[in-house]
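Visitor: Have a look at this one before I ask anything.
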Amino acid sequence: MKISFTGLSLVAGAGCLLATNLLAANFSSEWKNAQQLQVLQAGLVKISLPAETLGAARPGLEDLRIFDDAGHEVPYHVERSRPVDKVVRDARSFQISLAASETSILLETGITQPVEGVTLNAPARSFIKSVRVEGSRDRQTWQRLAQGQPIFRQAYGPSQLYVAFPPGAWPFLRLTVDDRRSEPVPFSGARIHGAALEPSPLEPVLIAIAERIENPGETRLTLNLGAAHLQLARLRIETSDTLFTREVTAAVRRISENAVIEQALARGTIYRLAIEGQPASSNLSFSVEAAVPSNDLLLLIQNHDSPPLRITGITAERRPVYVVFHAPQSSPYHLLTGHAQCPAPRYDLAALGSDLEKVAVSALAVTALTANPAYRQAETLPELRDSGTDLDTSSWRYRKQVKLTRTGVQQLELDWETLAHAQAGFQDLRLVRQGKQVSYILEQTSITRAIMPQVGPANDPKTPKTSRWSVKLLHASLPLTRLTCASSTPLFRREVILSEEATDERGAKYVRSLGQASWVQTPGQPTNQLVLFLSNRPFTDTLFLETNNEDNPAIKLGNFQVFYPATRLLFKASSSSDLFLYYGNREAGFPQYDLSLVGSQLLTSEKSAAALAGEEQLKKLPWSETSTATGLTGFLFWGVLGLVVAALLVVIARLLPKSTPAERAGTPGKEDGDA
């Protein structure tokens with residue numbers, strides 16, 4: 001590795017070590033960023049690296065270098081803070097007793113160190129209770145630790161069975177569960193949570209909500225952390241809502257088998273409750289304790305049938321990363337980051353010994369990132385070329401031109417027309433320029449796009465108790481996942497069924513079920529929207545929603561929407577002309593590209609939004625498919641069957657023995673004789 005400074009140039013050995021007597025004003029063109037630190041006193045220095053430094057460097061800090069003002073490279077040691085291990089174990093003893101209006105649970109912790117919480121075990125599917133916690137050292141004198149702590153479990157929803165209280169050394173704990181408003185819960189055990197002996201350091205993270213998408217039953221937030229490679233410890237959701245429980249998931253996008261998936265990092269429960277007769281209680285944060293490889297983090301909030309939360313902000317904390325080095329003198333020191341290929345340095349820090357662990361964190365401030373004026377901007381993934389193997393496109397039925405605003409890494413979202421004509425698994429998608437394939441990575445997101453269908457009444461006079469609506473779509477074979485609608489009727493309970501009239505190979509029509517749901521609405525409660533999940537992908541462009549009213553008046557429906565998942569292609573384009581997306585080949589298999597080997601770099605690179613032009617039909621559908629789609633298959637089937645029967649009758653007639661002329665004319669003489 002060649003490191004250049006004014007008046008001197010040296011070739012470094014392994015680890016890119018620099019020699020002495022160099023001027024620090026001119027840094028190597030291979031390092032992108034520089035920061036400065038003013039050390040006021042010689043000796044050991046320990047600083048917390050700013051988030052922007054971590055984001056600018058490679059994940060393992062392989063490219064971090066420190067120089068003094070004379071250009072000497074300074075060895076350093078990296079220290080990453082970790083969460084403190086806490087003891088969690090089953091209670092040594094568990095005794096439960098029932099009274100008229102409460103359940104009393106007596107625990108022997110079995111832990112000599114301070115404890116800070118208890119998680120109860122309960123098989124009940126749905127309940128909400130308040131708990132009082134008391135601690136004792138002799139089982140005679142009890143001290144109240146917490147009052148009105150909520151525990152709950154919702155069927156098919158969030159649960160919270162952890163009870164927190166101030167840390168303390170308590171050999172015995174007594175939990176009193178309030179049963180005045182509901183039946184007792186059969187608790188079956190408890191786990192004791194020990195407190196950390198020393199707090200683990202945390203630093204705040206500035207978060208911006210980059211995107212908010214309201215899917216049916218789910219809020220999807222894209223959070224900008226301001227930097228990549230942060231070890232995120234906790235997230236907190238700020239909201240003005242006064243009563244709620246929600247399941248939350250933190251997730252990241254990653255590459256898996258030549259496709260982009262969303263991987264969950266952590267799950268938790270947030271709530272704000274006010275149980276009658278108890279003080280209000282809330283928990284708006286949850287633990288993550290995971291490394292986030294990019295600037296973006298996905299936060300998924302499950303609303304189910306409840307309205308979305310009014311979110312006013314998101315805050316977070318991270319685990320700091322420290323750098324310790326010996327400053328020979330008080331002077332400015334320089335931090336370099338942003339080298340794509342330099343190997344990690346290997347320093348001999350034996351002389352510093354165990355002193356590294358005892359150094360206190362300095363309050364010295366690191367300046368903001370400054371661009372190295374000598375840095376040469378490298379091409380994103382220069383080893384990746386967008387022209388691959390030849391492709392015979394004669395078997396593909398459709399194509400669309402891909403419109404680019406600039407070259408480089410691209411993100412292309414498929415429109416509904418492409419989704420309808422492509423294979424269900426998207427194995428027939430091909431990007432092609434001048435007859436050669438352009439490799440891509442498929443990203444199937446949790447984002448859903450809405451379509452407003454045309455809806456009208458389709459009641460059958462033969463079934464007057466059944467309400468039926470026709471739902472006309474933009475196209476047949478859309479990969480729909482759910483249907484929603486609303487009703488102004490204040491009181492009803494209905495079973496709702498979604499179906500379509502499909503045609504089989506013989507042309508016969510049959511009813512094909514697509515999904516069903518139960519829908520209840522009562523006065524005084526928030527209006528519930530119908531959310532019906534489709535179990536099958538529709539074949540046709542017309543769906544039917546129906547419900548049996550029995551002896552009740554018909555319900556009124558409106559605000560229909562259908563949803564499909566957003567699917568994207570990520571690729572690199574070196575030219576903005578003559579790029580096409582081919583699709584619609586039932587015989588095509590999944591392409592195998594080496595692009596997945598650098599998929600993580602592609603995923604975190606700055607991307608331009610590509611778009612699709614109008615659809616071109618390259619070859620017509622086979623007549624059998626056209627006739628099936630238009631309902632002509634039935635006429636074909638019965639016509640062919642009629643021809644076959646007629647042919648068989650002709651063959652049978654020819655096989656029968658022919659009659660003689662006498663037999664055709666009759667034999668009267670013989671008949672007379674017989675008479």
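Chain identifiers are assigned as A, B, and so on, following the order in which chains appear in the structure tokens; residues are numbered from 1 within each chain, and ligands are numbered from 1 in order of appearance.
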Using DSSP on the backbone coordinates, identify all residues within stretch 501-657 of chain A classified as strand (DSSP E or B); present the result as a VMD selection string.

Guide: chain A and resid 501 to 503 509 to 521 530 to 533 542 to 548 557 to 573 579 to 583 608 to 617

Visitor: If we count only C-alpha atoms and set the cut-off at 12 Å, which residues sit around A:Val84, ignoring sequence neighbours fewer than 5 positions away in its own chain? Please answer as a PDB file with N, CA and C atoms, in the first residue's frame.

Guide:
```pdb
ATOM      1  N   GLY A 194     -31.485 -11.146  37.627  1.00  0.00           N
ATOM      2  CA  GLY A 194     -30.500 -10.436  38.422  1.00  0.00           C
ATOM      3  C   GLY A 194     -30.135  -9.111  37.789  1.00  0.00           C
ATOM      4  N   ALA A 195     -29.750  -8.148  38.627  1.00  0.00           N
ATOM      5  CA  ALA A 195     -29.356  -6.823  38.132  1.00  0.00           C
ATOM      6  C   ALA A 195     -27.867  -6.816  37.808  1.00  0.00           C
ATOM      7  N   ALA A 196     -27.478  -5.919  36.917  1.00  0.00           N
ATOM      8  CA  ALA A 196     -26.067  -5.758  36.571  1.00  0.00           C
ATOM      9  C   ALA A 196     -25.325  -5.123  37.739  1.00  0.00           C
ATOM     10  N   LEU A 197     -24.132  -5.656  38.028  1.00  0.00           N
ATOM     11  CA  LEU A 197     -23.351  -5.095  39.126  1.00  0.00           C
ATOM     12  C   LEU A 197     -22.800  -3.723  38.769  1.00  0.00           C
ATOM     13  N   GLU A 198     -22.468  -3.533  37.494  1.00  0.00           N
ATOM     14  CA  GLU A 198     -22.000  -2.241  37.014  1.00  0.00           C
ATOM     15  C   GLU A 198     -22.766  -1.891  35.744  1.00  0.00           C
ATOM     16  N   PRO A 199     -23.193  -0.652  35.623  1.00  0.00           N
ATOM     17  CA  PRO A 199     -23.938  -0.288  34.409  1.00  0.00           C
ATOM     18  C   PRO A 199     -23.052  -0.324  33.182  1.00  0.00           C
ATOM     19  N   SER A 200     -23.626  -0.736  32.070  1.00  0.00           N
ATOM     20  CA  SER A 200     -22.899  -0.756  30.807  1.00  0.00           C
ATOM     21  C   SER A 200     -23.086   0.588  30.116  1.00  0.00           C
ATOM     22  N   PRO A 201     -22.025   1.165  29.546  1.00  0.00           N
ATOM     23  CA  PRO A 201     -22.152   2.510  28.946  1.00  0.00           C
ATOM     24  C   PRO A 201     -23.032   2.497  27.700  1.00  0.00           C
ATOM     25  N   LEU A 202     -23.772   3.575  27.529  1.00  0.00           N
ATOM     26  CA  LEU A 202     -24.635   3.770  26.363  1.00  0.00           C
ATOM     27  C   LEU A 202     -24.482   5.199  25.864  1.00  0.00           C
ATOM     28  N   ALA A 233     -28.457  -0.696  21.002  1.00  0.00           N
ATOM     29  CA  ALA A 233     -28.826  -1.332  22.270  1.00  0.00           C
ATOM     30  C   ALA A 233     -30.330  -1.309  22.506  1.00  0.00           C
ATOM     31  N   GLU A 289     -29.926  -4.841  20.955  1.00  0.00           N
ATOM     32  CA  GLU A 289     -28.623  -5.479  21.150  1.00  0.00           C
ATOM     33  C   GLU A 289     -28.171  -6.232  19.899  1.00  0.00           C
ATOM     34  N   ARG A 319     -24.146   1.000  21.810  1.00  0.00           N
ATOM     35  CA  ARG A 319     -22.958   0.645  22.576  1.00  0.00           C
ATOM     36  C   ARG A 319     -21.754   1.385  21.989  1.00  0.00           C
TER      37      ARG A 319
END
```

Visitor: Contacts of A:Gly277 at 10 Å or less, counting only C-alpha atoms, minus same-chain residues fewer than 2 places along, as a PyMOL selection string?

Guide: chain A and resi 130+148+274-275+279-280

Visitor: Let me see the file: selected residues, N, CA and C atoms, as a compact mmCIF listing (two decimals), in the first residue's frame.

Guide:
```txt
# COMPACT_ATOMS: atom_id res chain seq x y z
N SER A 130 -53.03 -6.47 37.29
CA SER A 130 -52.03 -5.60 37.92
C SER A 130 -51.38 -6.37 39.06
N GLY A 148 -49.08 -1.76 41.03
CA GLY A 148 -49.85 -1.56 39.81
C GLY A 148 -49.12 -1.91 38.53
N ALA A 274 -53.67 1.91 31.83
CA ALA A 274 -54.16 2.48 33.08
C ALA A 274 -55.26 1.56 33.58
N ILE A 275 -54.88 0.53 34.34
CA ILE A 275 -55.85 -0.40 34.91
C ILE A 275 -56.62 0.31 36.01
N PRO A 279 -52.19 3.08 39.36
CA PRO A 279 -51.52 4.17 38.64
C PRO A 279 -51.20 3.75 37.20
N ALA A 280 -51.15 4.74 36.32
CA ALA A 280 -50.84 4.47 34.92
C ALA A 280 -49.43 3.90 34.81
```

Visitor: Please identify all polymer residues within 8 Å of stretch 267-271 of chain A, counting only C-alpha atoms, omitting same-chain residues fewer than 5 positions from it, and present them as a ChimeraX atom specification.

Guide: /A:158-160,243-250,282-288

Visitor: Just to be explicit: take each residue in the selection above, keep N, CA and C atoms, and write the result as a PDB file, in the first residue's frame.

Guide:
```pdb
ATOM      1  N   PRO A 158     -49.904  -9.114  21.512  1.00  0.00           N
ATOM      2  CA  PRO A 158     -48.733  -8.987  22.379  1.00  0.00           C
ATOM      3  C   PRO A 158     -48.967  -9.571  23.765  1.00  0.00           C
ATOM      4  N   SER A 159     -47.875  -9.838  24.453  1.00  0.00           N
ATOM      5  CA  SER A 159     -47.929 -10.313  25.829  1.00  0.00           C
ATOM      6  C   SER A 159     -46.818  -9.651  26.623  1.00  0.00           C
ATOM      7  N   GLN A 160     -47.046  -9.488  27.924  1.00  0.00           N
ATOM      8  CA  GLN A 160     -46.076  -8.863  28.815  1.00  0.00           C
ATOM      9  C   GLN A 160     -46.229  -9.524  30.187  1.00  0.00           C
ATOM     10  N   LEU A 243     -53.624   4.820  25.482  1.00  0.00           N
ATOM     11  CA  LEU A 243     -53.987   3.449  25.836  1.00  0.00           C
ATOM     12  C   LEU A 243     -53.712   2.550  24.639  1.00  0.00           C
ATOM     13  N   PHE A 244     -52.742   1.651  24.762  1.00  0.00           N
ATOM     14  CA  PHE A 244     -52.410   0.762  23.651  1.00  0.00           C
ATOM     15  C   PHE A 244     -51.463  -0.334  24.122  1.00  0.00           C
ATOM     16  N   THR A 245     -51.419  -1.397  23.368  1.00  0.00           N
ATOM     17  CA  THR A 245     -50.390  -2.432  23.441  1.00  0.00           C
ATOM     18  C   THR A 245     -50.012  -2.779  22.005  1.00  0.00           C
ATOM     19  N   ARG A 246     -48.728  -2.925  21.742  1.00  0.00           N
ATOM     20  CA  ARG A 246     -48.269  -3.207  20.387  1.00  0.00           C
ATOM     21  C   ARG A 246     -47.065  -4.155  20.415  1.00  0.00           C
ATOM     22  N   GLU A 247     -47.036  -5.048  19.445  1.00  0.00           N
ATOM     23  CA  GLU A 247     -45.841  -5.833  19.166  1.00  0.00           C
ATOM     24  C   GLU A 247     -44.982  -5.059  18.169  1.00  0.00           C
ATOM     25  N   VAL A 248     -43.679  -4.997  18.416  1.00  0.00           N
ATOM     26  CA  VAL A 248     -42.773  -4.254  17.542  1.00  0.00           C
ATOM     27  C   VAL A 248     -41.611  -5.163  17.136  1.00  0.00           C
ATOM     28  N   THR A 249     -41.116  -4.946  15.920  1.00  0.00           N
ATOM     29  CA  THR A 249     -39.999  -5.721  15.383  1.00  0.00           C
ATOM     30  C   THR A 249     -39.008  -4.779  14.735  1.00  0.00           C
ATOM     31  N   ALA A 250     -37.738  -4.928  15.066  1.00  0.00           N
ATOM     32  CA  ALA A 250     -36.656  -4.212  14.384  1.00  0.00           C
ATOM     33  C   ALA A 250     -36.027  -5.176  13.393  1.00  0.00           C
ATOM     34  N   SER A 282     -46.404   2.417  31.806  1.00  0.00           N
ATOM     35  CA  SER A 282     -46.050   2.377  30.385  1.00  0.00           C
ATOM     36  C   SER A 282     -44.650   1.813  30.211  1.00  0.00           C
ATOM     37  N   ASN A 283     -44.424   1.258  29.058  1.00  0.00           N
ATOM     38  CA  ASN A 283     -43.107   0.808  28.631  1.00  0.00           C
ATOM     39  C   ASN A 283     -43.027   1.054  27.128  1.00  0.00           C
ATOM     40  N   LEU A 284     -42.270   2.041  26.728  1.00  0.00           N
ATOM     41  CA  LEU A 284     -42.206   2.450  25.333  1.00  0.00           C
ATOM     42  C   LEU A 284     -40.902   2.056  24.654  1.00  0.00           C
ATOM     43  N   SER A 285     -40.045   1.315  25.327  1.00  0.00           N
ATOM     44  CA  SER A 285     -38.764   0.934  24.744  1.00  0.00           C
ATOM     45  C   SER A 285     -38.623  -0.585  24.740  1.00  0.00           C
ATOM     46  N   PHE A 286     -37.742  -1.079  23.877  1.00  0.00           N
ATOM     47  CA  PHE A 286     -37.442  -2.504  23.855  1.00  0.00           C
ATOM     48  C   PHE A 286     -35.994  -2.705  23.470  1.00  0.00           C
ATOM     49  N   SER A 287     -35.440  -3.827  23.884  1.00  0.00           N
ATOM     50  CA  SER A 287     -34.030  -4.126  23.687  1.00  0.00           C
ATOM     51  C   SER A 287     -33.788  -4.652  22.274  1.00  0.00           C
ATOM     52  N   VAL A 288     -32.694  -4.189  21.661  1.00  0.00           N
ATOM     53  CA  VAL A 288     -32.291  -4.664  20.335  1.00  0.00           C
ATOM     54  C   VAL A 288     -30.998  -5.469  20.441  1.00  0.00           C
TER      55      VAL A 288
END
```

Visitor: Might you pull out every residue within 6 Å of stretch 178-180 of chain A, with only C-alpha atoms counted and same-chain residues fewer than 2 positions away left off, and present them as an mmCIF file with N, CA and C atoms, in the first residue's frame?

Guide:
```
data_model
loop_
_atom_site.group_PDB
_atom_site.id
_atom_site.type_symbol
_atom_site.label_atom_id
_atom_site.label_comp_id
_atom_site.auth_asym_id
_atom_site.auth_seq_id
_atom_site.Cartn_x
_atom_site.Cartn_y
_atom_site.Cartn_z
ATOM 1 N N SER A 101 -60.054 -12.266 46.212
ATOM 2 C CA SER A 101 -59.893 -11.284 45.135
ATOM 3 C C SER A 101 -58.452 -11.105 44.699
ATOM 4 N N GLU A 102 -57.566 -12.051 45.049
ATOM 5 C CA GLU A 102 -56.178 -11.898 44.661
ATOM 6 C C GLU A 102 -55.476 -13.248 44.644
ATOM 7 N N SER A 130 -53.030 -6.471 37.290
ATOM 8 C CA SER A 130 -52.034 -5.602 37.917
ATOM 9 C C SER A 130 -51.377 -6.370 39.060
ATOM 10 N N SER A 182 -61.424 -9.958 37.071
ATOM 11 C CA SER A 182 -61.426 -11.099 36.158
ATOM 12 C C SER A 182 -61.026 -12.358 36.925
ATOM 13 N N PRO A 184 -59.021 -15.649 38.223
ATOM 14 C CA PRO A 184 -57.598 -15.858 38.487
ATOM 15 C C PRO A 184 -56.907 -16.574 37.329
#
```

Visitor: When you look at A:Glu615 with a cut-off of 12 Å (counting only C-alpha atoms), what residues show up, excluding the ones that are within fewer than 6 positions of it in the same chain? I need them as a list in words.

Guide: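 Here the qualifying residues turn out to be Arg397, Tyr398, Arg399, Lys400, Gln401, Val402, Asp415, Trp416, Glu417, Thr418, Leu419, Ala420, His421, Phe580, Leu581, Tyr582, Tyr583 and Gly584 of chain A.
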
Visitor: Could you find all residues in stretch 523-619 of chain A that DSSP calls helix (DSSP H, G or I) from the backbone, and write them as number ranges by chain?

Guide: A: 594-604

Visitor: Quick one: residues within 9 Å of stretch 338-342 of chain A, only C-alpha atoms, excluding same-chain residues fewer than 2 positions away - as a count of residues only?

Guide: 17

Visitor: Kindly indicate which residue among A:Ala613, A:Pro490, A:Ala316, A:Glu550 lies nearest to A:Leu414, using only C-alpha atoms for the distances.

Guide: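 For A:Leu414, the nearest of the candidates is A:Ala613.
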
Visitor: How many Å separate atom CA of A:Val359 from atom CA of A:Pro59?

Guide: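 Computed distance, atom CA of A:Val359 to atom CA of A:Pro59, equals 24.4 Å.
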
Visitor: May I ask which of the residues A:Leu106, A:Leu175, A:Ala368, A:Ala259 is the closest one to A:Glu443, counting only C-alpha atoms?

Guide: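 With only C-alpha atoms as the atom set, the closest residue is A:Ala259.
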
Visitor: Can you tell me how far atom CA of A:Val432 sits from atom CA of A:Ser256, in Å to one decimal?

Guide: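 Calculated distance between atom CA of A:Val432 and atom CA of A:Ser256 is 23.1 Å.
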
Visitor: Mind pulling up the distance from atom CA of A:Phe533 to atom CA of A:Arg482?

Guide: 4.2 Å

Visitor: For A:Leu44, which residue out of A:Ser330, A:Thr176, A:Thr405, A:Thr239 is the nearest one, using only C-alpha atoms?

Guide: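 Between A:Ser330, A:Thr176, A:Thr405, A:Thr239, the residue approaching A:Leu44 most closely is A:Ser330.
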